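> The structure under discussion is supplied below as structure tokens; questions concerning it will follow.
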Amino acid sequence: TDLSHIRNFSIVAHIDHGKSTLADRLIQMTDTVAERDMKEQMLDAMDIERERGITIKANTVRIDYTAVDGEQYVLNLIDTPGHVDFAYEVSRSMRAVEGSLLVVDSTQGVEAQTLANVYQAIDANHEIVPVLNKIDLPATDCDRVAEQIEDVIGIDASDAIRVSAKTGVGIRETLEAIIHRLPAPTGDRDAPLKAMLVDSWYDAYLGVVVLVRIMDGVLKKGDRVRMMQNGSVHHVDRIGVFRPAMTVVDQLGPGEIGFLTASIKQVRDTKVGDTITHEKRGTDKPLPGFKPSVPVVFCGLFPVDNAEFEDLRDAIEKLALNDASFSYEMETSAALGFGFRCGFLGLLHLEVIRDRIEREYDIDLITTAPSVIYHIYGRDGEVTELHNPADMPDPSTIDHIEEPRIKATILVPDDFLGDVLKLCQDRRGIQMDLTYAGSRAMVVYDLPLNEVVFDFYDRLKSVTKGYASFDYQLLGYRTDNLVKMQVLVNDEPVDALSTMVHRDRAEQRGRAMCEKLKDLIPRHMFKIPIQAAIGGKVIARETLAALRKDVTAKCYGGDVTRKKKLLEKQKAGKKKMRQFGKVEIPQQAFISALKMD
Ligand code: GDP
Ligand code: MG
């Protein structure tokens with residue numbers, strides 16, 4: 001295809017504003033997929049994505065479109081991941097295309113996550129076409145939302161397209177806008193091959209599949225190509241495009257988006273943002289902007305049932321095959337036995353992996369408190385990275401500790417502003433900016449990542465009844481007065497409950513945690529002290545009273561099947577308990593105890 005008849009674009013939208021539905025309509029209107037093969041949400045492949053309404057892997061589809069003027073076009077749509085944890089992946093997808101459709105729900109307006117992705121599109125020099133969706137709904141208010149797009153984002157929304165992805169209104173106009181308002185790609189067929197690695201995933205039949213955007217040169221089946229990051233050379237055994245089913249083609253030229261396979265065994269060997277060139281007569285200038293993806297949030301994953309450790313290893317290895325940004329190493333905990341210390345790009349990433357292990361592999365897990373990476377400056381001048389509070393060195397050897405800070409952007413209706421400010425203030429936030437757009441406020445805070453990783457999203461959602469949206473980026477490291485707080489149950493330290501906290505908040509956190517644990521740990525036949533301590537010093541304490549003997553009395557008598565049922569329930573419940581010395585702690589206690597407020 002000649003370059004002037006190619007258009008590459010992405011769709012930027014906040015979750016639920018209609019990105020997938022619009023993509024479906026574009027695919028349907030251009031007859032890319034036979035009517036009988038059409039199913040809802042063509043681009044959202046994984047179950048978990050469908051359930052949560054989020055896309056994690058970039059998906060792509062090639063659409064043939066005959067324009068109103070009779071010309072034939074090839075449109076490539078890359079559907080980018082929609083979450084903050086995947087900002088780098090999003091930035092690479094954006095570099096692979098020339099334009100974006102900005103889809104905004106015309107009954108709702110602009111949200112924080114939309115902003116983050118729009119800025120990525122602007123950074124990538126995209127032409128941006130605003131699309132106001134859901135105009136079939138009575139609450140639609142296109143003028144207000146168009147004005148908001150101009151106010152908040154600062155792009156012209158006067159010729160925004162008004163669409164109902166549901167009924168199909170405005171889909172033709174959207175396709176025409178793509179070809180008339182978005183630029184064609186540029187590239188040199190005769191230059192050495194430069195292909196950007198946009199994404200990769202493991203396919204059980206094909207091995208690793210690599211999604212590429214050709215910048216210069218031509219990629220053909222049988223070529224020997226080099227990954228410029230690590231110099232590895234591969235024999236390309238298949239190239240093709242997504243329609244959206246994988247369809248083999250002979251070659252991919254400049255401006256085109258497609259896939260290659262080359263008997264690559266591990267996703268880890270294919271780094272997002274890498275440049276692929278030919279082994280011979282290749283380029284020596286990789287594309288700019290490559291960054292290795294590094295985990296920022298760590299936590300321990302332990303099987304509730306120790307016998308499932310090997311199953312857990314198996315599950316983690318399989319998941320890591322398809323996810324190069326997820327790291328793991330074995331960990332042993334005095335309290336929890338064998339497990340893994342895992343690193344994630346962010347909280348959502350952590351949740352997705354944990355859910356998949358529990359659901360797809362059917363393993364009950366204990367997740368320890370998520371931790372960020374602290375920089376520990378020793379008195380001897382050494383700097384170490386602390387991934388796990390349990391590994392904290394003796395405080396007397398430490399000069400100072402630095403923690404990661406983020407810049408958080410929150411969009412919230414006026415009514416809830418006070419609650420949001422209070423939440424950020426409680427989490428040691430420093431206000432950076434506060435502006436208004438219509439009846440909504442945009443608040444920017446400098447916050448410790450540590451205060452955000454556990455339950456900030458949940459709290460934000462609950463104090464704003466779900467009306468706030470949130471996005472963040474890392475700012476850097478800063479020194480603060482940080483200490484490790486331990487929890488002792490019946491005088492035994494429970495390492496899985498150790499956390500790093502700010503010294504000024506330690507008493508408050510310690511008290512809250514002891515109170516929670518008191519409610520979460522069932523009574524035993526003896527009194528159980530629950531304590532929080534820093535170093536050797538106890539800063540908070542609760543006592544769980546002993547069980548009175550006669551409570552068990554009601555188990556006697558009554559009918560036998562009911563008793564049996566109760567016993568079975570008890571047994572099932574027991575499996576979700578862990579023994580600490582003489583005390584049994586339910587799995588739920590680990591998660592609940594760490595929630596703040
Ligand atoms: P995504 O998260 O941005 O991919 O959003 P989806 O495409 O999954 O859409 C979210 C919800 O909005 C779904 O229930 C859709 O059926 C609905 N939806 C999408 N577009 C429209 C529209 O134009 N009108 C109406 N009424 N509902 C829509
Ligand atoms: Mg979707």
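Chain labels run A, B, ... following the order of the structure tokens; each chain numbers its residues from 1, and ligands are numbered from 1 in the order shown.
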Output the neighbourhood of ligand 1 as a PyMOL selection string, that is, all protein and nucleic acid residues with some atom at most 7 Å from the ligand, counting only C-alpha atoms and all ligand atoms.
chain A and resi 13-22+53-54+133-137+163-167
> How about saving the chosen residues, C-alpha atoms kept, as an mmCIF file, in the first residue's frame?

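To be explicit, this is the file written out as selection37.cif:
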data_model
loop_
_atom_site.group_PDB
_atom_site.id
_atom_site.type_symbol
_atom_site.label_atom_id
_atom_site.label_comp_id
_atom_site.auth_asym_id
_atom_site.auth_seq_id
_atom_site.Cartn_x
_atom_site.Cartn_y
_atom_site.Cartn_z
ATOM 1 C CA ALA A 13 -10.870 7.166 26.329
ATOM 2 C CA HIS A 14 -11.638 6.856 29.972
ATOM 3 C CA ILE A 15 -12.919 3.435 31.028
ATOM 4 C CA ASP A 16 -16.571 2.951 30.023
ATOM 5 C CA HIS A 17 -16.715 5.952 27.710
ATOM 6 C CA GLY A 18 -17.156 3.585 24.770
ATOM 7 C CA LYS A 19 -13.756 2.825 23.262
ATOM 8 C CA SER A 20 -14.445 -0.855 22.650
ATOM 9 C CA THR A 21 -17.953 -0.241 21.369
ATOM 10 C CA LEU A 22 -16.703 2.371 18.927
ATOM 11 C CA GLY A 53 -13.331 -3.456 31.269
ATOM 12 C CA ILE A 54 -9.657 -2.774 30.925
ATOM 13 C CA ASN A 133 -20.055 9.536 22.353
ATOM 14 C CA LYS A 134 -23.406 8.333 23.716
ATOM 15 C CA ILE A 135 -25.454 11.105 22.106
ATOM 16 C CA ASP A 136 -28.430 8.713 22.147
ATOM 17 C CA LEU A 137 -28.722 9.138 25.916
ATOM 18 C CA VAL A 163 -21.484 9.792 17.841
ATOM 19 C CA SER A 164 -23.537 7.017 19.268
ATOM 20 C CA ALA A 165 -21.354 3.951 19.148
ATOM 21 C CA LYS A 166 -24.418 2.082 20.296
ATOM 22 C CA THR A 167 -26.815 3.034 17.492
#
> Mind checking DSSP for segment 144-207 of chain A and telling me the helix (DSSP H, G or I) residues as a VMD selection string?
chain A and resid 144 to 153 171 to 181
> Would you work out the distance separating atom CA of Val104 of chain A from atom CA of Val118 of chain A, expressed in Å to one decimal?
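Distance reported for this atom pair: 11.3 Å.
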> Pick out the closest residue to Ala195 of chain A from this set: A:Leu287, A:Val152, A:Cys514, A:Leu182. Count only C-alpha atoms.
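Of A:Leu287, A:Val152, A:Cys514, A:Leu182, the one nearest Ala195 of chain A is A:Leu287, counting only C-alpha atoms.
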> Using only C-alpha atoms and all ligand atoms, which residue out of A:Met29, A:Thr60, A:Thr80, A:Gly581 lies closest to ligand 2?
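Under the stated criterion, the closest residue is A:Thr80.
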> With only C-alpha atoms as the atoms that count, which of A:Val483, A:Met228, A:Val218, A:Val538 lies nearest to Asp394 of chain A?
A:Val483
> For Leu3 of chain A, please output as a list in words all residues within 10 Å (counting only C-alpha atoms; exclusion window: fewer than 6 positions along the same chain).
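The neighbour list is Tyr73, Val74, Ala184, Pro185, Thr186, Gly187, Asp188, Gly253, Pro254, Gly255 and Glu256 of chain A.
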> Take atom CA of Thr332 of chain A and atom CA of Leu365 of chain A and report the distance between them in Å, one decimal.
14.6 Å
> With a distance cut-off of 10 Å and only C-alpha atoms, select the neighbouring residues of Leu115 of chain A, excluding the residue or stretch itself and same-chain residues fewer than 3 positions from it, and output the selection as a PDB file with all heavy atoms, in the first residue's frame.

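Result written to selection-v3.pdb:
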ATOM      1  N   VAL A  12      -8.248   7.089  22.452  1.00  0.00           N
ATOM      2  CA  VAL A  12      -8.016   7.460  23.843  1.00  0.00           C
ATOM      3  C   VAL A  12      -9.379   7.659  24.502  1.00  0.00           C
ATOM      4  O   VAL A  12     -10.220   8.377  23.971  1.00  0.00           O
ATOM      5  CB  VAL A  12      -7.222   8.778  23.925  1.00  0.00           C
ATOM      6  CG1 VAL A  12      -7.144   9.279  25.358  1.00  0.00           C
ATOM      7  CG2 VAL A  12      -5.829   8.600  23.334  1.00  0.00           C
ATOM      8  N   ALA A  13      -9.590   7.010  25.643  1.00  0.00           N
ATOM      9  CA  ALA A  13     -10.870   7.166  26.329  1.00  0.00           C
ATOM     10  C   ALA A  13     -10.727   6.752  27.773  1.00  0.00           C
ATOM     11  O   ALA A  13      -9.874   5.934  28.111  1.00  0.00           O
ATOM     12  CB  ALA A  13     -11.948   6.316  25.663  1.00  0.00           C
ATOM     13  N   HIS A  14     -11.546   7.313  28.594  1.00  0.00           N
ATOM     14  CA  HIS A  14     -11.638   6.856  29.972  1.00  0.00           C
ATOM     15  C   HIS A  14     -12.436   5.559  29.960  1.00  0.00           C
ATOM     16  O   HIS A  14     -13.282   5.347  29.086  1.00  0.00           O
ATOM     17  CB  HIS A  14     -12.355   7.919  30.806  1.00  0.00           C
ATOM     18  CG  HIS A  14     -12.412   7.596  32.261  1.00  0.00           C
ATOM     19  ND1 HIS A  14     -11.286   7.594  33.053  1.00  0.00           N
ATOM     20  CD2 HIS A  14     -13.439   7.268  33.074  1.00  0.00           C
ATOM     21  CE1 HIS A  14     -11.628   7.279  34.289  1.00  0.00           C
ATOM     22  NE2 HIS A  14     -12.924   7.075  34.331  1.00  0.00           N
ATOM     23  N   LEU A 102     -10.139  10.971  20.344  1.00  0.00           N
ATOM     24  CA  LEU A 102     -10.353  11.195  21.770  1.00  0.00           C
ATOM     25  C   LEU A 102     -11.831  11.001  22.041  1.00  0.00           C
ATOM     26  O   LEU A 102     -12.660  11.841  21.679  1.00  0.00           O
ATOM     27  CB  LEU A 102      -9.917  12.613  22.146  1.00  0.00           C
ATOM     28  CG  LEU A 102     -10.379  13.120  23.517  1.00  0.00           C
ATOM     29  CD1 LEU A 102      -9.815  12.263  24.630  1.00  0.00           C
ATOM     30  CD2 LEU A 102      -9.977  14.574  23.702  1.00  0.00           C
ATOM     31  N   VAL A 110     -14.635  14.915  30.661  1.00  0.00           N
ATOM     32  CA  VAL A 110     -13.234  14.479  30.691  1.00  0.00           C
ATOM     33  C   VAL A 110     -12.868  13.916  32.068  1.00  0.00           C
ATOM     34  O   VAL A 110     -13.305  14.436  33.081  1.00  0.00           O
ATOM     35  CB  VAL A 110     -12.321  15.678  30.350  1.00  0.00           C
ATOM     36  CG1 VAL A 110     -10.856  15.310  30.485  1.00  0.00           C
ATOM     37  CG2 VAL A 110     -12.615  16.196  28.949  1.00  0.00           C
ATOM     38  N   GLU A 111     -12.080  12.845  32.080  1.00  0.00           N
ATOM     39  CA  GLU A 111     -11.621  12.244  33.341  1.00  0.00           C
ATOM     40  C   GLU A 111     -10.095  12.238  33.408  1.00  0.00           C
ATOM     41  O   GLU A 111      -9.424  12.374  32.390  1.00  0.00           O
ATOM     42  CB  GLU A 111     -12.124  10.792  33.441  1.00  0.00           C
ATOM     43  CG  GLU A 111     -13.626  10.630  33.418  1.00  0.00           C
ATOM     44  CD  GLU A 111     -14.296  11.182  34.670  1.00  0.00           C
ATOM     45  OE1 GLU A 111     -13.591  11.450  35.657  1.00  0.00           O
ATOM     46  OE2 GLU A 111     -15.525  11.364  34.635  1.00  0.00           O
ATOM     47  N   ALA A 112      -9.564  12.029  34.612  1.00  0.00           N
ATOM     48  CA  ALA A 112      -8.109  12.108  34.813  1.00  0.00           C
ATOM     49  C   ALA A 112      -7.325  11.135  33.933  1.00  0.00           C
ATOM     50  O   ALA A 112      -6.282  11.481  33.388  1.00  0.00           O
ATOM     51  CB  ALA A 112      -7.754  11.883  36.280  1.00  0.00           C
ATOM     52  N   VAL A 118      -4.212  11.549  26.754  1.00  0.00           N
ATOM     53  CA  VAL A 118      -4.218  12.630  25.765  1.00  0.00           C
ATOM     54  C   VAL A 118      -2.853  13.329  25.759  1.00  0.00           C
ATOM     55  O   VAL A 118      -2.321  13.646  24.703  1.00  0.00           O
ATOM     56  CB  VAL A 118      -5.316  13.675  26.058  1.00  0.00           C
ATOM     57  CG1 VAL A 118      -5.158  14.872  25.141  1.00  0.00           C
ATOM     58  CG2 VAL A 118      -6.667  13.061  25.846  1.00  0.00           C
ATOM     59  N   TYR A 119      -2.291  13.537  26.938  1.00  0.00           N
ATOM     60  CA  TYR A 119      -0.979  14.181  26.976  1.00  0.00           C
ATOM     61  C   TYR A 119       0.070  13.317  26.279  1.00  0.00           C
ATOM     62  O   TYR A 119       0.958  13.815  25.604  1.00  0.00           O
ATOM     63  CB  TYR A 119      -0.565  14.502  28.417  1.00  0.00           C
ATOM     64  CG  TYR A 119      -1.417  15.593  29.026  1.00  0.00           C
ATOM     65  CD1 TYR A 119      -1.866  15.523  30.330  1.00  0.00           C
ATOM     66  CD2 TYR A 119      -1.795  16.697  28.255  1.00  0.00           C
ATOM     67  CE1 TYR A 119      -2.667  16.521  30.877  1.00  0.00           C
ATOM     68  CE2 TYR A 119      -2.602  17.693  28.787  1.00  0.00           C
ATOM     69  CZ  TYR A 119      -3.038  17.603  30.096  1.00  0.00           C
ATOM     70  OH  TYR A 119      -3.835  18.580  30.621  1.00  0.00           O
ATOM     71  N   GLN A 120      -0.073  12.006  26.434  1.00  0.00           N
ATOM     72  CA  GLN A 120       0.825  11.098  25.718  1.00  0.00           C
ATOM     73  C   GLN A 120       0.654  11.284  24.211  1.00  0.00           C
ATOM     74  O   GLN A 120       1.633  11.283  23.462  1.00  0.00           O
ATOM     75  CB  GLN A 120       0.492   9.647  26.064  1.00  0.00           C
ATOM     76  CG  GLN A 120       0.765   9.304  27.512  1.00  0.00           C
ATOM     77  CD  GLN A 120       1.965   8.400  27.635  1.00  0.00           C
ATOM     78  OE1 GLN A 120       2.851   8.441  26.797  1.00  0.00           O
ATOM     79  NE2 GLN A 120       2.002   7.596  28.678  1.00  0.00           N
ATOM     80  N   ALA A 121      -0.590  11.417  23.773  1.00  0.00           N
ATOM     81  CA  ALA A 121      -0.854  11.593  22.345  1.00  0.00           C
ATOM     82  C   ALA A 121      -0.275  12.928  21.867  1.00  0.00           C
ATOM     83  O   ALA A 121       0.313  13.012  20.786  1.00  0.00           O
ATOM     84  CB  ALA A 121      -2.360  11.529  22.066  1.00  0.00           C
ATOM     85  N   ILE A 149     -13.478  20.075  27.022  1.00  0.00           N
ATOM     86  CA  ILE A 149     -12.292  19.563  26.332  1.00  0.00           C
ATOM     87  C   ILE A 149     -11.347  20.721  26.013  1.00  0.00           C
ATOM     88  O   ILE A 149     -10.138  20.628  26.205  1.00  0.00           O
ATOM     89  CB  ILE A 149     -12.694  18.805  25.044  1.00  0.00           C
ATOM     90  CG1 ILE A 149     -13.404  17.495  25.406  1.00  0.00           C
ATOM     91  CG2 ILE A 149     -11.471  18.533  24.161  1.00  0.00           C
ATOM     92  CD1 ILE A 149     -13.953  16.728  24.217  1.00  0.00           C
ATOM     93  N   VAL A 152      -9.967  22.167  29.602  1.00  0.00           N
ATOM     94  CA  VAL A 152      -9.083  21.315  30.392  1.00  0.00           C
ATOM     95  C   VAL A 152      -7.883  20.834  29.581  1.00  0.00           C
ATOM     96  O   VAL A 152      -6.758  20.819  30.071  1.00  0.00           O
ATOM     97  CB  VAL A 152      -9.858  20.102  30.960  1.00  0.00           C
ATOM     98  CG1 VAL A 152      -8.933  19.180  31.740  1.00  0.00           C
ATOM     99  CG2 VAL A 152     -10.989  20.578  31.845  1.00  0.00           C
ATOM    100  N   ILE A 153      -8.141  20.429  28.333  1.00  0.00           N
ATOM    101  CA  ILE A 153      -7.053  19.832  27.556  1.00  0.00           C
ATOM    102  C   ILE A 153      -6.387  20.858  26.654  1.00  0.00           C
ATOM    103  O   ILE A 153      -5.199  20.770  26.358  1.00  0.00           O
ATOM    104  CB  ILE A 153      -7.572  18.640  26.710  1.00  0.00           C
ATOM    105  CG1 ILE A 153      -8.279  17.638  27.622  1.00  0.00           C
ATOM    106  CG2 ILE A 153      -6.439  17.970  25.952  1.00  0.00           C
ATOM    107  CD1 ILE A 153      -8.927  16.502  26.899  1.00  0.00           C
ATOM    108  N   THR A 409      -2.817  13.446  39.874  1.00  0.00           N
ATOM    109  CA  THR A 409      -3.811  14.373  39.344  1.00  0.00           C
ATOM    110  C   THR A 409      -5.191  13.784  39.592  1.00  0.00           C
ATOM    111  O   THR A 409      -5.456  12.641  39.213  1.00  0.00           O
ATOM    112  CB  THR A 409      -3.603  14.581  37.833  1.00  0.00           C
ATOM    113  OG1 THR A 409      -2.258  15.007  37.625  1.00  0.00           O
ATOM    114  CG2 THR A 409      -4.569  15.617  37.280  1.00  0.00           C
ATOM    115  N   LEU A 411      -9.377  14.510  39.298  1.00  0.00           N
ATOM    116  CA  LEU A 411     -10.488  15.337  38.823  1.00  0.00           C
ATOM    117  C   LEU A 411     -11.721  14.958  39.623  1.00  0.00           C
ATOM    118  O   LEU A 411     -12.054  13.777  39.730  1.00  0.00           O
ATOM    119  CB  LEU A 411     -10.746  15.073  37.342  1.00  0.00           C
ATOM    120  CG  LEU A 411      -9.890  15.880  36.367  1.00  0.00           C
ATOM    121  CD1 LEU A 411     -10.078  15.345  34.968  1.00  0.00           C
ATOM    122  CD2 LEU A 411     -10.261  17.352  36.420  1.00  0.00           C
ATOM    123  N   PHE A 470      -8.412   9.504  38.776  1.00  0.00           N
ATOM    124  CA  PHE A 470      -7.103   9.621  39.370  1.00  0.00           C
ATOM    125  C   PHE A 470      -6.040   9.120  38.409  1.00  0.00           C
ATOM    126  O   PHE A 470      -6.258   8.171  37.676  1.00  0.00           O
ATOM    127  CB  PHE A 470      -7.112   8.759  40.643  1.00  0.00           C
ATOM    128  CG  PHE A 470      -5.770   8.515  41.259  1.00  0.00           C
ATOM    129  CD1 PHE A 470      -5.124   9.526  41.946  1.00  0.00           C
ATOM    130  CD2 PHE A 470      -5.160   7.267  41.155  1.00  0.00           C
ATOM    131  CE1 PHE A 470      -3.887   9.302  42.528  1.00  0.00           C
ATOM    132  CE2 PHE A 470      -3.935   7.033  41.736  1.00  0.00           C
ATOM    133  CZ  PHE A 470      -3.293   8.053  42.426  1.00  0.00           C
ATOM    134  N   ASP A 471      -4.919   9.789  38.433  1.00  0.00           N
ATOM    135  CA  ASP A 471      -3.804   9.350  37.611  1.00  0.00           C
ATOM    136  C   ASP A 471      -2.514   9.807  38.276  1.00  0.00           C
ATOM    137  O   ASP A 471      -2.528  10.778  39.027  1.00  0.00           O
ATOM    138  CB  ASP A 471      -3.919   9.970  36.225  1.00  0.00           C
ATOM    139  CG  ASP A 471      -2.822   9.479  35.321  1.00  0.00           C
ATOM    140  OD1 ASP A 471      -2.692   8.257  35.194  1.00  0.00           O
ATOM    141  OD2 ASP A 471      -2.091  10.308  34.774  1.00  0.00           O
TER     142      ASP A 471
END
> Kindly indicate which residue among A:Ser200, A:Ala546, A:Gly289, A:Met246 lies nearest to Val267 of chain A, using only C-alpha atoms for the distances.
A:Ser200
> Using only C-alpha atoms, which of A:Thr277, A:Asn490, A:Asn76, A:Thr283 sits nearest Val583 of chain A?
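Selected residue with least distance to Val583 of chain A: A:Asn490.
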> Which is closer to ligand 2 than all the others in A:Tyr457, A:Asp414, A:Asp24, A:Asn8, using only C-alpha atoms and all ligand atoms?
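Ranked by minimum distance to ligand 2, first place goes to A:Asp24.
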> Could you pull out all residues of segment 388-553 of chain A with a DSSP call of strand (DSSP E or B) and give them as a PyMOL selection string?
chain A and resi 398-413+430-437+440-448+469-480+482-489+492-493+499-502+528-534+537-544
> So which residues touch Ile161 of chain A within 8 Å, counting only C-alpha atoms, skipping near sequence neighbours fewer than 5 positions away, as a PyMOL selection string?
chain A and resi 129-132+170+173-174
> Write the residues you've just listed into a file as a PDB file, in the first residue's frame, and include all heavy atoms for each of them.

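File again36.pdb, as written:
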ATOM      1  N   VAL A 129      -8.647  13.905  17.037  1.00  0.00           N
ATOM      2  CA  VAL A 129     -10.033  14.173  16.648  1.00  0.00           C
ATOM      3  C   VAL A 129     -10.942  13.858  17.835  1.00  0.00           C
ATOM      4  O   VAL A 129     -11.068  12.699  18.234  1.00  0.00           O
ATOM      5  CB  VAL A 129     -10.447  13.310  15.435  1.00  0.00           C
ATOM      6  CG1 VAL A 129     -11.927  13.504  15.120  1.00  0.00           C
ATOM      7  CG2 VAL A 129      -9.582  13.623  14.229  1.00  0.00           C
ATOM      8  N   PRO A 130     -11.577  14.883  18.427  1.00  0.00           N
ATOM      9  CA  PRO A 130     -12.490  14.614  19.542  1.00  0.00           C
ATOM     10  C   PRO A 130     -13.775  13.958  19.049  1.00  0.00           C
ATOM     11  O   PRO A 130     -14.337  14.377  18.026  1.00  0.00           O
ATOM     12  CB  PRO A 130     -12.784  15.998  20.129  1.00  0.00           C
ATOM     13  CG  PRO A 130     -11.796  16.927  19.505  1.00  0.00           C
ATOM     14  CD  PRO A 130     -11.422  16.333  18.189  1.00  0.00           C
ATOM     15  N   VAL A 131     -14.210  12.945  19.771  1.00  0.00           N
ATOM     16  CA  VAL A 131     -15.450  12.239  19.445  1.00  0.00           C
ATOM     17  C   VAL A 131     -16.325  12.269  20.689  1.00  0.00           C
ATOM     18  O   VAL A 131     -15.915  11.812  21.754  1.00  0.00           O
ATOM     19  CB  VAL A 131     -15.153  10.772  19.054  1.00  0.00           C
ATOM     20  CG1 VAL A 131     -16.445   9.975  18.886  1.00  0.00           C
ATOM     21  CG2 VAL A 131     -14.309  10.702  17.786  1.00  0.00           C
ATOM     22  N   LEU A 132     -17.508  12.850  20.564  1.00  0.00           N
ATOM     23  CA  LEU A 132     -18.427  12.895  21.701  1.00  0.00           C
ATOM     24  C   LEU A 132     -19.386  11.726  21.557  1.00  0.00           C
ATOM     25  O   LEU A 132     -20.187  11.682  20.630  1.00  0.00           O
ATOM     26  CB  LEU A 132     -19.172  14.233  21.720  1.00  0.00           C
ATOM     27  CG  LEU A 132     -18.247  15.456  21.689  1.00  0.00           C
ATOM     28  CD1 LEU A 132     -19.041  16.748  21.561  1.00  0.00           C
ATOM     29  CD2 LEU A 132     -17.366  15.485  22.930  1.00  0.00           C
ATOM     30  N   GLY A 170     -23.030   8.625  13.342  1.00  0.00           N
ATOM     31  CA  GLY A 170     -21.736   9.311  13.354  1.00  0.00           C
ATOM     32  C   GLY A 170     -20.536   8.427  13.049  1.00  0.00           C
ATOM     33  O   GLY A 170     -19.398   8.903  13.030  1.00  0.00           O
ATOM     34  N   GLU A 173     -18.991   9.465   9.649  1.00  0.00           N
ATOM     35  CA  GLU A 173     -18.259  10.725   9.824  1.00  0.00           C
ATOM     36  C   GLU A 173     -16.914  10.478  10.504  1.00  0.00           C
ATOM     37  O   GLU A 173     -15.918  11.124  10.179  1.00  0.00           O
ATOM     38  CB  GLU A 173     -19.064  11.725  10.673  1.00  0.00           C
ATOM     39  CG  GLU A 173     -20.271  12.317   9.986  1.00  0.00           C
ATOM     40  CD  GLU A 173     -21.505  11.408  10.045  1.00  0.00           C
ATOM     41  OE1 GLU A 173     -21.361  10.187  10.281  1.00  0.00           O
ATOM     42  OE2 GLU A 173     -22.614  11.923   9.845  1.00  0.00           O
ATOM     43  N   THR A 174     -16.911   9.549  11.462  1.00  0.00           N
ATOM     44  CA  THR A 174     -15.669   9.248  12.172  1.00  0.00           C
ATOM     45  C   THR A 174     -14.638   8.666  11.201  1.00  0.00           C
ATOM     46  O   THR A 174     -13.472   9.073  11.192  1.00  0.00           O
ATOM     47  CB  THR A 174     -15.941   8.251  13.324  1.00  0.00           C
ATOM     48  OG1 THR A 174     -16.953   8.787  14.161  1.00  0.00           O
ATOM     49  CG2 THR A 174     -14.683   8.007  14.157  1.00  0.00           C
TER      50      THR A 174
END
> Give me, please, the distance in Å between atom CA of Asp216 of chain A and atom CA of Arg268 of chain A, quoted to one decimal.
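Atom-to-atom, atom CA of Asp216 of chain A and atom CA of Arg268 of chain A are spaced 24.9 Å apart.
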> Fewer than 5 positions away in the same chain doesn't count, so skip those; otherwise give me all residues within 10 Å of Asp495 of chain A, counting only C-alpha atoms, as a list in words.
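The filter keeps Ser333, Ala334, Ala335, Leu336, Thr368, Asn388, Pro389, Ala390, Asp391, Met485, Gln486, Val487 and Leu488 of chain A.
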> Excluding Ser293 of chain A and any residue of its chain fewer than 6 positions from it, enumerate the residues within 8 Å of it, using only C-alpha atoms, and give them as a list in words.
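The contact residues come out as Tyr88, Ser325 and Leu345 of chain A.
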